[in-house]
$ cat work_5.txt   # compact mmCIF, C-alpha atoms
# COMPACT_ATOMS: atom_id res chain seq x y z
CA MET A 1 0.00 0.00 0.00
CA ARG A 2 1.27 3.43 -0.88
CA TRP A 3 1.24 6.42 1.40
CA PRO A 4 -0.67 9.43 0.26
CA ARG A 5 1.49 12.13 -1.27
CA LEU A 6 0.72 14.71 1.41
CA LYS A 7 1.76 12.36 4.16
CA ARG A 8 5.14 11.73 2.51
CA ARG A 9 5.90 15.45 2.27
CA ARG A 10 5.08 15.97 5.89
CA ASP A 11 7.45 13.13 6.91
CA ASP A 12 10.22 14.65 4.77
CA ARG A 13 9.81 18.03 6.50
CA ASP A 14 9.93 16.37 9.91
CA ARG A 15 13.12 14.54 8.95
CA LYS A 16 14.75 17.74 7.69
CA GLY A 17 14.02 19.38 11.01
CA ALA A 18 15.61 16.46 12.85
CA ALA A 19 18.71 16.71 10.66
CA VAL A 20 19.07 20.40 11.51
CA VAL A 21 18.83 19.65 15.24
CA GLU A 22 21.37 16.82 14.96
CA PHE A 23 23.72 19.12 13.04
CA ALA A 24 23.33 21.84 15.67
CA PHE A 25 24.35 19.38 18.39
CA CYS A 26 27.26 17.85 16.45
CA LEU A 27 28.80 21.01 14.96
CA PRO A 28 30.46 22.32 18.16
CA LEU A 29 31.93 18.89 18.83
CA LEU A 30 33.26 18.57 15.28
CA VAL A 31 34.77 22.07 15.38
CA THR A 32 36.41 21.39 18.75
CA VAL A 33 37.90 18.09 17.60
CA THR A 34 39.15 19.63 14.35
CA LEU A 35 40.80 22.59 16.07
CA SER A 36 42.31 20.29 18.70
CA PHE A 37 43.91 18.13 16.01
CA ILE A 38 45.25 21.20 14.23
CA ASP A 39 46.72 22.45 17.50
CA LEU A 40 48.20 19.05 18.32
CA THR A 41 49.88 18.76 14.91
CA ASN A 42 51.26 22.28 15.32
CA LEU A 43 52.64 21.26 18.73
CA ILE A 44 54.33 18.22 17.16
CA TYR A 45 55.84 20.43 14.44
CA PHE A 46 56.96 22.92 17.10
CA ARG A 47 58.69 20.18 19.13
CA GLN A 48 60.36 18.77 16.02
CA THR A 49 61.68 22.22 15.08
CA ILE A 50 63.22 22.58 18.54
CA LYS A 51 64.81 19.12 18.30
CA ILE A 52 66.31 19.90 14.91
CA ALA A 53 67.68 23.22 16.19
CA ALA A 54 69.25 21.48 19.19
CA TYR A 55 70.80 18.79 16.98
CA ASP A 56 72.17 21.44 14.60
CA ALA A 57 73.73 23.23 17.56
CA ALA A 58 75.16 19.96 18.86
CA ARG A 59 76.57 19.02 15.46
CA THR A 60 78.26 22.42 15.28
CA ALA A 61 79.50 22.01 18.87
CA SER A 62 81.15 18.70 17.96
CA GLU A 63 83.40 20.37 15.38
CA PRO A 64 86.94 21.03 16.61
CA ALA A 65 87.15 24.70 15.63
CA ALA A 66 83.61 25.69 16.70
CA THR A 67 83.06 28.51 19.16
CA SER A 68 80.11 29.25 21.44
CA ALA A 69 78.96 31.91 18.96
CA ASP A 70 78.92 29.31 16.17
CA VAL A 71 76.80 26.99 18.29
CA GLU A 72 74.34 29.78 19.14
CA GLU A 73 74.11 30.79 15.49
CA ALA A 74 73.38 27.20 14.41
CA ALA A 75 70.48 26.93 16.85
CA GLY A 76 69.19 30.42 16.12
CA ARG A 77 69.11 29.84 12.37
CA MET A 78 66.46 27.10 12.58
CA LEU A 79 64.47 28.83 15.32
CA SER A 80 64.33 32.13 13.47
CA MET A 81 62.94 30.36 10.39
CA ARG A 82 60.05 29.16 12.57
CA GLY A 83 59.61 32.62 14.11
CA ILE A 84 60.87 31.65 17.57
CA GLU A 85 62.75 34.49 19.21
CA ASN A 86 62.45 33.71 22.92
CA TYR A 87 64.57 30.67 23.77
CA THR A 88 67.35 29.61 26.13
CA LEU A 89 70.39 27.80 24.79
CA GLU A 90 72.69 26.42 27.46
CA ILE A 91 76.27 25.69 26.43
CA PRO A 92 78.88 24.69 29.02
CA SER A 93 80.81 27.71 30.25
CA ASP A 94 84.11 25.93 29.64
CA TYR A 95 83.17 24.93 26.09
CA GLY A 96 86.14 26.73 24.53
CA THR A 97 88.62 24.75 26.61
CA THR A 98 86.85 21.39 26.38
CA PRO A 99 89.39 18.85 25.11
CA ARG A 100 88.73 16.61 22.16
CA GLY A 101 86.85 13.43 23.06
CA ASP A 102 84.93 14.95 26.00
CA VAL A 103 81.14 14.94 26.10
CA VAL A 104 79.42 18.30 25.64
CA ASN A 105 75.84 18.84 26.84
CA ILE A 106 73.72 21.28 24.82
CA SER A 107 70.29 22.23 26.25
CA LEU A 108 67.64 24.19 24.35
CA THR A 109 64.47 25.40 26.09
CA VAL A 110 61.59 27.20 24.38
CA PRO A 111 58.50 28.40 26.27
CA LEU A 112 55.13 27.23 25.05
CA SER A 113 54.11 30.86 24.52
CA GLU A 114 56.32 30.89 21.40
CA MET A 115 54.03 28.38 19.72
CA THR A 116 51.76 30.31 17.37
CA SER A 117 48.46 28.47 17.24
CA PHE A 118 45.21 28.11 19.15
CA THR A 119 47.03 27.69 22.48
CA GLY A 120 45.14 30.63 23.90
CA ALA A 121 42.55 28.00 24.78
CA GLY A 122 45.18 26.30 26.94
CA LEU A 123 44.64 22.85 25.49
CA TRP A 124 48.19 21.66 26.02
CA ALA A 125 49.40 24.22 28.57
CA GLU A 126 48.72 21.94 31.54
CA SER A 127 51.10 19.22 30.38
CA LEU A 128 53.80 21.62 29.13
CA THR A 129 53.87 24.39 31.73
CA ASP A 130 57.62 25.07 31.49
CA GLY A 131 57.82 24.79 27.74
CA ILE A 132 59.76 22.31 25.70
CA GLU A 133 63.32 21.35 26.61
CA VAL A 134 65.69 19.28 24.51
CA GLU A 135 69.08 18.05 25.73
CA VAL A 136 71.70 16.72 23.36
CA PHE A 137 75.02 15.13 24.30
CA VAL A 138 77.84 15.12 21.74
CA VAL A 139 81.48 14.19 21.74
CA LYS A 140 83.78 17.03 20.76
CA GLU A 141 85.98 16.03 17.83
$ encode --input "work_5.txt" --output "structure tokens"
Amino acid sequence: MRWPRLKRRRDDRDRKGAAVVEFAFCLPLLVTVTLSFIDLTNLIYFRQTIKIAAYDAARTASEPAATSADVEEAAGRMLSMRGIENYTLEIPSDYGTTPRGDVVNISLTVPLSEMTSFTGAGLWAESLTDGIEVEVFVVKE
């Protein structure tokens, strides 16, 4: 048996109204999840940039003729490309007199405030209150 035509139209209108209500409930959740994933991927990229900058500084520090200024320049080059200006690079104070074959510890710390993204919402601020710190140990050649 077929439904009368008027009845079918009324059911279609009721279903369209239900779809609008479902969309209104789901949209904030979808937007929140999407923005959270964007922020998380930006945080991963941010951490990777800091690691690469620390490794570049350590690679420069392992060279026999490298100075503290060379090490700072190597780290600053990568960080400036990412737009990071506020960072702390710790090089041993006796780096210039460190003999060949000794281990040198390079530490790079960048506050989370340098990450340009949606972090104003504080999504990741609780787990990274002090920022991101990378330590690299190299042997001076």
$ closest_residue --input "work_5.txt" --among "A:Cys26, A:Val71, A:Leu79, A:Met115" --to "Ile91 in chain A" --atoms "all atoms listed in the file"
A:Val71
$ closest_residue --input "work_5.txt" --among "A:Glu141, A:Asp56, A:Glu72, A:Glu22" --to "Thr88 in chain A" --atoms "all atoms listed in the file"
A:Glu72
$ axis_aligned_box --input "work_5.txt" --around "range 84-103 of chain A" --padding-each-side "4 Å" --output "JSON"
{"center_x": 75.1, "center_y": 24.0, "center_z": 23.9, "size_x": 36.5, "size_y": 29.1, "size_z": 20.7}
$ closest_residue --input "work_5.txt" --among "A:Thr109, A:Phe46, A:Tyr95, A:Lys51" --to "Ala69 in chain A" --atoms "all atoms listed in the file"
A:Tyr95
$ atom_distance --input "work_5.txt" --atom1 "CA of Ala54 in chain A" --atom2 "CA of Ser107 in chain A"
7.2 Å
$ atom_distance --input "work_5.txt" --atom1 "CA of Val138 in chain A" --atom2 "CA of Thr41 in chain A"
29.0 Å
$ closest_residue --input "work_5.txt" --among "A:Glu85, A:Glu90, A:Asp130, A:Glu73" --to "Asn105 in chain A" --atoms "only C-alpha atoms"
A:Glu90
$ atom_distance --input "work_5.txt" --atom1 "CA of Arg77 in chain A" --atom2 "CA of Ala53 in chain A"
7.8 Å
$ closest_residue --input "work_5.txt" --among "A:Ser93, A:Ile44, A:Ile84, A:Arg100" --to "Ser68 in chain A" --atoms "all atoms listed in the file"
A:Ser93
$ residues_around --input "work_5.txt" --residues "Ala65 in chain A" --least-positions-apart "2" --cutoff "10 Å" --atoms "all atoms listed in the file" --output "JSON, numbers by chain"
{"A": [60, 61, 62, 63, 67, 70, 96, 140, 141]}
$ closest_residue --input "work_5.txt" --among "A:Ala19, A:Val104, A:Arg82, A:Phe137" --to "Arg47 in chain A" --atoms "all atoms listed in the file"
A:Arg82
